[in-house]
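**Student:** Take a look at coords-v7.pdb, PDB, C-alpha atoms:
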```pdb
ATOM      1  CA  MET A 262      -5.217  32.197   8.252
ATOM      2  CA  GLY A 263      -6.904  29.873  10.755
ATOM      3  CA  GLU A 264      -9.704  30.997  12.989
ATOM      4  CA  THR A 265      -8.592  32.053  16.463
ATOM      5  CA  ASN A 266     -10.021  30.803  19.738
ATOM      6  CA  GLU A 267     -11.391  34.295  20.347
ATOM      7  CA  SER A 268     -13.292  34.368  17.065
ATOM      8  CA  ARG A 269     -14.620  30.861  17.627
ATOM      9  CA  LEU A 270     -15.959  31.830  21.024
ATOM     10  CA  THR A 271     -17.511  34.992  19.616
ATOM     11  CA  ARG A 272     -19.178  33.029  16.849
ATOM     12  CA  ALA A 273     -20.386  30.301  19.213
ATOM     13  CA  ARG A 274     -21.764  32.605  21.885
ATOM     14  CA  GLY A 275     -22.764  35.654  19.859
ATOM     15  CA  GLU A 276     -21.123  39.080  19.890
ATOM     16  CA  VAL A 277     -19.745  39.926  23.321
ATOM     17  CA  SER A 278     -17.742  42.829  24.639
ATOM     18  CA  PRO A 279     -13.927  42.544  24.455
ATOM     19  CA  ARG A 280     -13.712  42.598  28.241
ATOM     20  CA  ARG A 281     -16.229  39.779  28.637
ATOM     21  CA  LEU A 282     -14.549  37.770  25.909
ATOM     22  CA  GLU A 283     -11.172  38.224  27.613
ATOM     23  CA  LYS A 284     -12.622  36.909  30.870
ATOM     24  CA  GLN A 285     -14.177  33.911  29.121
ATOM     25  CA  MET A 286     -10.871  33.124  27.471
ATOM     26  CA  ALA A 287      -9.037  33.328  30.786
ATOM     27  CA  ILE A 288     -11.507  30.972  32.455
ATOM     28  CA  ALA A 289     -11.369  28.512  29.561
ATOM     29  CA  SER A 290      -7.568  28.570  29.423
ATOM     30  CA  ALA A 291      -7.227  27.863  33.124
ATOM     31  CA  SER A 292      -9.904  25.173  32.889
ATOM     32  CA  CYS A 293      -8.023  23.471  30.071
ATOM     33  CA  THR A 294      -5.043  23.057  32.385
ATOM     34  CA  LEU A 295      -7.149  21.660  35.228
ATOM     35  CA  PHE A 296      -9.216  19.341  33.040
ATOM     36  CA  GLY A 297      -6.021  18.006  31.472
ATOM     37  CA  ARG A 298      -4.556  17.333  34.904
ATOM     38  CA  GLU A 299      -7.603  16.022  36.776
ATOM     39  CA  GLY A 300     -10.010  14.851  34.091
ATOM     40  CA  TYR A 301     -13.688  15.698  33.750
ATOM     41  CA  ALA A 302     -15.150  13.805  36.708
ATOM     42  CA  ARG A 303     -12.601  14.949  39.290
ATOM     43  CA  ALA A 304     -12.559  18.630  38.283
ATOM     44  CA  SER A 305     -15.159  20.372  40.443
ATOM     45  CA  VAL A 306     -16.695  23.739  39.643
ATOM     46  CA  ASP A 307     -15.061  25.145  42.776
ATOM     47  CA  ALA A 308     -11.655  23.916  41.631
ATOM     48  CA  LEU A 309     -12.197  25.266  38.115
ATOM     49  CA  ALA A 310     -13.140  28.676  39.475
ATOM     50  CA  ALA A 311     -10.139  28.683  41.805
ATOM     51  CA  GLU A 312      -7.801  27.707  38.946
ATOM     52  CA  ALA A 313      -9.136  30.643  36.931
ATOM     53  CA  GLY A 314      -8.969  33.016  39.906
ATOM     54  CA  VAL A 315     -12.691  33.797  39.816
ATOM     55  CA  SER A 316     -15.702  33.043  41.982
ATOM     56  CA  THR A 317     -18.077  30.235  41.096
ATOM     57  CA  ARG A 318     -20.722  32.913  40.511
ATOM     58  CA  THR A 319     -18.489  34.534  37.890
ATOM     59  CA  LEU A 320     -17.846  31.175  36.257
ATOM     60  CA  TYR A 321     -21.572  30.467  35.959
ATOM     61  CA  ASN A 322     -22.151  33.997  34.695
ATOM     62  CA  HIS A 323     -19.896  33.278  31.730
ATOM     63  CA  PHE A 324     -20.726  29.578  31.363
ATOM     64  CA  PRO A 325     -24.299  29.008  32.599
ATOM     65  CA  GLY A 326     -24.052  25.315  31.832
ATOM     66  CA  GLY A 327     -21.284  24.981  34.389
ATOM     67  CA  LYS A 328     -18.658  22.278  34.127
ATOM     68  CA  ALA A 329     -20.204  20.487  31.146
ATOM     69  CA  GLN A 330     -20.425  23.648  29.049
ATOM     70  CA  LEU A 331     -16.927  24.693  30.027
ATOM     71  CA  PHE A 332     -15.472  21.284  29.184
ATOM     72  CA  GLN A 333     -17.286  21.254  25.844
ATOM     73  CA  THR A 334     -15.950  24.725  25.045
ATOM     74  CA  VAL A 335     -12.380  23.773  25.891
ATOM     75  CA  VAL A 336     -12.496  20.447  24.039
ATOM     76  CA  THR A 337     -14.007  22.073  20.958
ATOM     77  CA  TRP A 338     -11.354  24.790  20.890
ATOM     78  CA  THR A 339      -8.423  22.440  21.202
ATOM     79  CA  SER A 340      -9.967  19.973  18.749
ATOM     80  CA  ASN A 341     -10.365  22.760  16.192
ATOM     81  CA  GLU A 342      -6.700  23.671  16.581
ATOM     82  CA  VAL A 343      -5.453  20.099  16.239
ATOM     83  CA  ARG A 344      -7.850  19.381  13.369
ATOM     84  CA  ASP A 345      -6.516  22.371  11.431
ATOM     85  CA  ALA A 346      -2.946  21.241  12.075
ATOM     86  CA  GLN A 347      -3.731  17.681  10.965
ATOM     87  CA  LEU A 348      -5.424  18.832   7.784
ATOM     88  CA  ALA A 349      -2.505  21.136   6.973
ATOM     89  CA  ARG A 350      -0.035  18.278   7.402
ATOM     90  CA  LEU A 351      -2.201  15.977   5.315
ATOM     91  CA  ARG A 352      -2.315  18.512   2.470
ATOM     92  CA  ALA A 353       1.421  19.138   2.715
ATOM     93  CA  VAL A 354       2.304  15.450   2.399
ATOM     94  CA  LEU A 355      -0.472  14.189   0.122
ATOM     95  CA  ASP A 356      -1.221  17.230  -2.001
ATOM     96  CA  PRO A 357      -4.376  16.545  -4.059
ATOM     97  CA  GLU A 358      -2.772  18.418  -6.970
ATOM     98  CA  ARG A 359       0.431  16.350  -6.917
ATOM     99  CA  PRO A 360      -0.218  12.623  -6.476
ATOM    100  CA  PRO A 361       2.820  10.665  -5.288
ATOM    101  CA  ARG A 362       4.676   8.272  -7.537
ATOM    102  CA  ALA A 363       4.385   4.583  -6.702
ATOM    103  CA  GLU A 364       8.025   4.440  -5.645
ATOM    104  CA  ASP A 365       7.486   7.356  -3.244
ATOM    105  CA  LEU A 366       4.263   6.162  -1.612
ATOM    106  CA  GLU A 367       5.853   4.424   1.370
ATOM    107  CA  ARG A 368       8.090   7.426   2.027
ATOM    108  CA  ASP A 369       5.127   9.801   1.902
ATOM    109  CA  LEU A 370       2.949   7.675   4.175
ATOM    110  CA  VAL A 371       5.785   7.479   6.711
ATOM    111  CA  ALA A 372       6.091  11.276   6.552
ATOM    112  CA  LEU A 373       2.349  11.652   7.115
ATOM    113  CA  ALA A 374       2.362   9.288  10.091
ATOM    114  CA  ARG A 375       5.325  11.111  11.619
ATOM    115  CA  ALA A 376       3.545  14.443  11.168
ATOM    116  CA  PHE A 377       0.423  13.159  12.921
ATOM    117  CA  VAL A 378       2.460  11.640  15.760
ATOM    118  CA  GLY A 379       4.344  14.912  16.225
ATOM    119  CA  LEU A 380       1.113  16.694  17.112
ATOM    120  CA  MET A 381       1.169  15.108  20.560
ATOM    121  CA  ALA A 382       4.243  17.164  21.427
ATOM    122  CA  ASP A 383       2.827  20.290  19.772
ATOM    123  CA  TYR A 384      -0.565  20.143  21.535
ATOM    124  CA  PRO A 385      -0.036  18.351  24.864
ATOM    125  CA  ASN A 386      -3.046  19.983  26.552
ATOM    126  CA  HIS A 387      -5.404  18.703  23.878
ATOM    127  CA  PHE A 388      -4.119  15.145  24.069
ATOM    128  CA  ALA A 389      -4.369  15.243  27.853
ATOM    129  CA  LEU A 390      -8.054  16.106  27.427
ATOM    130  CA  VAL A 391      -8.569  13.329  24.885
ATOM    131  CA  ARG A 392      -6.871  10.844  27.204
ATOM    132  CA  HIS A 393      -9.403  11.710  29.895
ATOM    133  CA  ILE A 394     -12.306  11.607  27.426
ATOM    134  CA  HIS A 395     -11.485   8.002  26.579
ATOM    135  CA  ALA A 396     -10.865   7.050  30.198
ATOM    136  CA  GLU A 397     -14.066   8.709  31.451
ATOM    137  CA  ALA A 398     -16.430   8.256  28.522
ATOM    138  CA  ASP A 399     -19.157   6.992  30.850
ATOM    139  CA  HIS A 400     -18.984  10.233  32.872
ATOM    140  CA  VAL A 401     -18.658  12.765  30.052
ATOM    141  CA  PRO A 402     -22.049  14.120  28.835
ATOM    142  CA  PRO A 403     -23.063  12.682  25.435
ATOM    143  CA  GLU A 404     -23.391  16.150  23.921
ATOM    144  CA  VAL A 405     -19.772  16.851  24.839
ATOM    145  CA  LEU A 406     -18.601  13.640  23.186
ATOM    146  CA  LYS A 407     -20.599  14.534  20.089
ATOM    147  CA  ALA A 408     -19.172  18.065  19.959
ATOM    148  CA  TRP A 409     -15.625  16.714  20.302
ATOM    149  CA  HIS A 410     -16.123  14.200  17.498
ATOM    150  CA  GLU A 411     -17.693  16.775  15.185
ATOM    151  CA  ALA A 412     -14.897  19.274  15.851
ATOM    152  CA  GLY A 413     -11.906  17.001  15.348
ATOM    153  CA  PRO A 414     -11.989  13.235  14.735
ATOM    154  CA  GLY A 415     -14.910  13.367  12.297
ATOM    155  CA  PRO A 416     -13.494  15.919   9.818
ATOM    156  CA  VAL A 417      -9.991  14.458  10.013
ATOM    157  CA  GLY A 418     -11.271  10.950   9.422
ATOM    158  CA  ARG A 419     -13.190  12.109   6.364
ATOM    159  CA  ALA A 420     -10.142  13.949   5.015
ATOM    160  CA  VAL A 421      -7.908  10.894   5.413
ATOM    161  CA  THR A 422     -10.589   8.783   3.725
ATOM    162  CA  GLU A 423     -10.632  11.215   0.785
ATOM    163  CA  ALA A 424      -6.843  11.003   0.570
ATOM    164  CA  MET A 425      -6.975   7.201   0.500
ATOM    165  CA  THR A 426      -9.652   7.356  -2.196
ATOM    166  CA  ARG A 427      -7.397   9.547  -4.334
ATOM    167  CA  LEU A 428      -4.503   7.136  -3.879
ATOM    168  CA  ALA A 429      -6.793   4.303  -4.960
ATOM    169  CA  ASP A 430      -7.964   6.284  -7.993
ATOM    170  CA  ASP A 431      -4.315   6.847  -8.909
ATOM    171  CA  GLY A 432      -3.729   3.102  -8.803
ATOM    172  CA  LEU A 433      -1.519   3.196  -5.714
ATOM    173  CA  LEU A 434      -3.786   1.491  -3.179
ATOM    174  CA  ASP A 435      -6.494  -1.157  -3.208
ATOM    175  CA  PRO A 436      -9.059  -0.186  -0.536
ATOM    176  CA  HIS A 437     -11.050  -3.387  -1.149
ATOM    177  CA  GLY A 438     -14.196  -1.324  -1.590
ATOM    178  CA  ASP A 439     -13.977   0.490   1.745
ATOM    179  CA  ALA A 440     -11.846   3.643   1.747
ATOM    180  CA  ALA A 441     -13.063   4.625   5.219
ATOM    181  CA  MET A 442     -11.798   1.328   6.661
ATOM    182  CA  THR A 443      -8.537   1.798   4.781
ATOM    183  CA  ALA A 444      -8.101   5.230   6.369
ATOM    184  CA  ALA A 445      -8.978   3.888   9.815
ATOM    185  CA  HIS A 446      -6.430   1.100   9.483
ATOM    186  CA  PHE A 447      -3.699   3.508   8.388
ATOM    187  CA  THR A 448      -4.282   5.681  11.429
ATOM    188  CA  ALA A 449      -4.562   2.682  13.764
ATOM    189  CA  LEU A 450      -1.344   1.096  12.545
ATOM    190  CA  THR A 451       0.679   4.290  12.786
ATOM    191  CA  ALA A 452      -0.418   7.277  14.895
ATOM    192  CA  HIS A 453      -2.765   5.364  17.195
ATOM    193  CA  THR A 454      -0.072   2.820  17.945
ATOM    194  CA  ILE A 455       2.210   5.587  19.232
ATOM    195  CA  VAL A 456      -0.685   7.200  21.114
ATOM    196  CA  GLN A 457      -1.358   3.983  22.999
ATOM    197  CA  VAL A 458       2.281   3.123  23.708
ATOM    198  CA  THR A 459       3.046   6.623  25.011
ATOM    199  CA  ASN A 460      -0.317   7.087  26.784
ATOM    200  CA  TYR A 461      -1.147  10.099  24.620
ATOM    201  CA  GLY A 462       2.365  11.513  24.789
ATOM    202  CA  VAL A 463       2.768  11.327  28.566
ATOM    203  CA  HIS A 464       5.750   8.980  28.191
ATOM    204  CA  PRO A 465       7.449   9.848  24.864
ATOM    205  CA  LEU A 466       9.473   7.174  23.128
ATOM    206  CA  PRO A 467      13.062   7.575  21.950
ATOM    207  CA  ALA A 468      13.102   8.797  18.337
ATOM    208  CA  PRO A 469      14.488   5.509  16.930
ATOM    209  CA  GLU A 470      11.679   3.527  18.576
ATOM    210  CA  THR A 471       9.033   5.922  17.269
ATOM    211  CA  ASP A 472      10.542   5.616  13.797
ATOM    212  CA  ARG A 473      10.565   1.814  14.032
ATOM    213  CA  LEU A 474       6.901   1.692  14.999
ATOM    214  CA  VAL A 475       5.848   4.168  12.335
ATOM    215  CA  ARG A 476       7.766   2.390   9.576
ATOM    216  CA  GLY A 477       6.494  -0.980  10.716
ATOM    217  CA  GLY A 478       2.924   0.306  10.744
ATOM    218  CA  VAL A 479       3.215   1.743   7.241
ATOM    219  CA  ALA A 480       4.803  -1.489   5.971
ATOM    220  CA  ALA A 481       1.935  -3.528   7.439
ATOM    221  CA  PHE A 482      -0.586  -1.109   5.938
ATOM    222  CA  LEU A 483       0.943  -1.431   2.480
ATOM    223  CA  ARG A 484       1.013  -5.217   2.711
ATOM    224  CA  ALA A 485      -2.747  -5.071   3.283
ATOM    225  CA  TYR A 486      -3.672  -2.256   0.912
ATOM    226  CA  GLY A 487      -0.804  -1.752  -1.557
ATOM    227  CA  ARG A 488      -1.554  -2.650  -5.139
ATOM    228  CA  GLU A 489      -0.451  -6.201  -5.838
ATOM    229  CA  GLY A 490       2.752  -6.227  -7.794
ATOM    230  CA  SER A 491       3.625  -2.606  -7.083
ATOM    231  CA  ASP A 492       6.856  -1.560  -5.396
ATOM    232  CA  SER A 493       4.913  -0.081  -2.472
ATOM    233  CA  ALA A 494       3.240  -3.410  -1.731
ATOM    234  CA  GLY A 495       6.604  -4.914  -0.874
TER     235      GLY A 495
END
```
Written as structure tokens, how would this file's structure read?
**Tutor:**
Amino acid sequence: MGETNESRLTRARGEVSPRRLEKQMAIASASCTLFGREGYARASVDALAAEAGVSTRTLYNHFPGGKAQLFQTVVTWTSNEVRDAQLARLRAVLDPERPPRAEDLERDLVALARAFVGLMADYPNHFALVRHIHAEADHVPPEVLKAWHEAGPGPVGRAVTEAMTRLADDGLLDPHGDAAMTAAHFTALTAHTIVQVTNYGVHPLPAPETDRLVRGGVAAFLRAYGREGSDSAG
């Protein structure tokens, strides 16, 4: 069972009373909505407190670091949730104990890309935050950017790299000596393409268009990294 937001907050901030933890969760939940709507720079402490239905004094009592600490808390929580979902989908499609057959590789990579793309609909608040992080990177504190990367993109990137390494070891891919680049290109050609076209899910595509882009991305990936002469290389 995955770790809950409540247990993460307890672990991050030390043992707190249930009542205090409930208040922190309420403030963070409301802040997630406002940050996703307004972004980091435009969301003032006054507006965050009003969204949560508390005074600014109460907000600072629970989050002494103010807006930066609150944003880091929210981003870390949502990144943990999406990371866990991504890793679960990766294991479900590319099970380390059951390597795919060469003739099934393209099908499995399409399934993985679809699963990653589907997370935008499952976690819209998180992707709204990430959209603002990229748009406002020069305004977001460096420690917040680091915490976000360590919570989500870093672990997921390493897991996809490990999956690509296994596929190479099984003779299904040729990473040309750089499994991390192979993983980055897979993600860029599939999930990231849909992220950019839809502006992080704000403007979803019709299912046939999403499928066309995903399949085209996987086909391009396999032309670059599929083993020469294999069925998956086209």
**Student:** From the set A:Leu466, A:Val315, A:Met425, A:Ala289, which residue has the shortest atom-to-atom contact distance to A:Gly438, counting only C-alpha atoms?
**Tutor:**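 Among A:Leu466, A:Val315, A:Met425, A:Ala289, it is A:Met425 that comes nearest to A:Gly438.
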**Student:** Would you mind telling me which residue in A:Arg419, A:Arg375, A:Ala287, A:His393 lies nearest to A:Pro469 when using all atoms listed in the file?
**Tutor:**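 Closest residue, counting all atoms listed in the file: A:Arg375.
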**Student:** Which residues are near stretch 323-335 of chain A? Cut-off 7 Å, only C-alpha atoms, ignore same chain within fewer than 2 positions. Put them as number ranges by chain.
**Tutor:** A: 285, 289, 293, 306, 319-321, 337-339, 405, 408
**Student:** Give me a file of those residues, with C-alpha atoms, as a compact mmCIF listing (two decimals), in the frame of the given file.
**Tutor:**
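And here's out-v1.txt as it stands now:
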```
# COMPACT_ATOMS: atom_id res chain seq x y z
CA GLN A 285 -14.18 33.91 29.12
CA ALA A 289 -11.37 28.51 29.56
CA CYS A 293 -8.02 23.47 30.07
CA VAL A 306 -16.70 23.74 39.64
CA THR A 319 -18.49 34.53 37.89
CA LEU A 320 -17.85 31.18 36.26
CA TYR A 321 -21.57 30.47 35.96
CA THR A 337 -14.01 22.07 20.96
CA TRP A 338 -11.35 24.79 20.89
CA THR A 339 -8.42 22.44 21.20
CA VAL A 405 -19.77 16.85 24.84
CA ALA A 408 -19.17 18.07 19.96
```
**Student:** Would you mind telling me which residue in A:Ile288, A:Ala445, A:Leu434, A:Val371 lies nearest to A:Gly314 when using only C-alpha atoms?
**Tutor:** A:Ile288
**Student:** I'd like the interatomic distance between atom CA of A:Ala302 and atom CA of A:Trp409, to a tenth of an Å.
**Tutor:**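 Distance reported for this atom pair: 16.7 Å.
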**Student:** If you apply the PyMOL selection byres ((chain A and resi 480) around 10) to this file, what residues do you get, as an MDAnalysis selection string?
**Tutor:** chainID A and resid 367 370:371 450:451 474:479 481:487 493:495
**Student:** To one decimal place, how far is atom CA of A:Phe388 from atom CA of A:Leu355 in Å?
**Tutor:** 24.2 Å
**Student:** Could you check which of A:Arg359, A:His453, A:His437, A:Arg368 is closest to A:Ala424, using all atoms listed in the file?
**Tutor:** A:Arg359
**Student:** Residue by residue, what does the PyMOL selection byres ((chain A and resi 387) around 9) grab here? Present the result as a PyMOL selection string.
**Tutor:** chain A and resi 293+297+335-336+339-340+342-343+381+384-386+388-392
**Student:** Centre and edge lengths, as lines of an AutoDock Vina configuration file, for the axis-aligned box enclosing every listed atom of stretch 462-465 of chain A with 4 Å of padding on each of the six sides, in Å to one decimal?
**Tutor:**
```
center_x = 4.9
center_y = 10.2
center_z = 26.7
size_x = 13.1
size_y = 10.5
size_z = 11.8
```
